[in-house]
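J.: Below is the structure I would like to discuss, written out as structure tokens.
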Amino acid sequence: MNCSKVKTSLPDLLFAPESVAAEVRAHVENCAECGKELKELRATMAVMETWTVPEVSPYFDTRMAVLLREEQQAAPAGWLERMRSRLLFGNHMSLRPLAAAALALLIAVGGGTYMGFGGFQPKKPPVVQASPVIKDLQSLDENAQLFQQLSSMDQDSSDNGGGPGNSL
Ligand SMILES: [Zn+2]
């Protein structure tokens, strides 16, 4: 009876001692190495028995599902809606037609670059790579610049009444 053969029987010795041959049991009792191995195995099993899976709150799944649904619905609609209302009902009421055109252009350009990826692919919901907040800020910044340019053009033509713009 050698040690390596006995070691394969150690789990049996731990869980069903009666199934293990008497000579194996005798070896473990007399062999320091195999006795130590059995002791370690027993200690490991004892630790595993005390370990319990932490209980998950019964409401976790429900709350998670609600949060996910809210995020999915809020993220894409949010920035576009706010941009549209800012453009159409903001401080620049006189620029409304231009603003609407600019918005249409922005949407066309945005949609175009998205559709351009890899030719004719089935249309998928747009993948938001940057944070929606950052995109929102970027588009608001672009709009602010556009309004600034339009305002200065408007002022130029009215200041020198019949200037270069109107002489034609
Ligand atoms: Zn041994």
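Ordering of the structure tokens sets the chain letters (A, B, ...), residue numbers begin anew at 1 in every chain, and ligands are numbered from 1 in the order given.
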With ligand 1 as the partner and 8 Å as the cut-off, tabulate the residues of chain A that qualify, each row holding the nearest pair of atoms and their distance in Å to one decimal, using only C-alpha atoms and all ligand atoms, sorted by chain and rising number, as JSON lines.

T.:
```
{"residue": "A:Asn2", "atom": "CA", "partner": "ligand 1", "partner_atom_place_in_ligand_line": "1 (Zn)", "distance": 6.3}
{"residue": "A:Cys3", "atom": "CA", "partner": "ligand 1", "partner_atom_place_in_ligand_line": "1 (Zn)", "distance": 3.7}
{"residue": "A:Ser4", "atom": "CA", "partner": "ligand 1", "partner_atom_place_in_ligand_line": "1 (Zn)", "distance": 7.2}
{"residue": "A:Val6", "atom": "CA", "partner": "ligand 1", "partner_atom_place_in_ligand_line": "1 (Zn)", "distance": 6.5}
{"residue": "A:Lys7", "atom": "CA", "partner": "ligand 1", "partner_atom_place_in_ligand_line": "1 (Zn)", "distance": 7.4}
{"residue": "A:His27", "atom": "CA", "partner": "ligand 1", "partner_atom_place_in_ligand_line": "1 (Zn)", "distance": 6.2}
{"residue": "A:Val28", "atom": "CA", "partner": "ligand 1", "partner_atom_place_in_ligand_line": "1 (Zn)", "distance": 6.0}
{"residue": "A:Asn30", "atom": "CA", "partner": "ligand 1", "partner_atom_place_in_ligand_line": "1 (Zn)", "distance": 7.8}
{"residue": "A:Cys31", "atom": "CA", "partner": "ligand 1", "partner_atom_place_in_ligand_line": "1 (Zn)", "distance": 4.6}
{"residue": "A:Ala32", "atom": "CA", "partner": "ligand 1", "partner_atom_place_in_ligand_line": "1 (Zn)", "distance": 6.8}
{"residue": "A:Glu33", "atom": "CA", "partner": "ligand 1", "partner_atom_place_in_ligand_line": "1 (Zn)", "distance": 5.4}
{"residue": "A:Cys34", "atom": "CA", "partner": "ligand 1", "partner_atom_place_in_ligand_line": "1 (Zn)", "distance": 4.2}
{"residue": "A:Gly35", "atom": "CA", "partner": "ligand 1", "partner_atom_place_in_ligand_line": "1 (Zn)", "distance": 7.3}
```

J.: For a test of reading the model, state the distance in Å between atom CA of Gln138 of chain A and atom CA of Glu71 of chain A, rounded to one decimal.

T.: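 Straight-line distance from atom CA of Gln138 of chain A to atom CA of Glu71 of chain A works out to 20.8 Å.
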
J.: Enter the distance from atom CA of Glu18 of chain A to atom CA of Lys5 of chain A, in Å, rounded to one decimal.

T.: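 Going from atom CA of Glu18 of chain A over to atom CA of Lys5 of chain A covers 17.4 Å.
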
J.: Taking only C-alpha atoms into account, name the residue in A:Ser139, A:Met153, A:Leu14, A:Gln145 that is nearest to Glu40 of chain A.

T.: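 Nearest candidate to Glu40 of chain A out of A:Ser139, A:Met153, A:Leu14, A:Gln145: A:Leu14.
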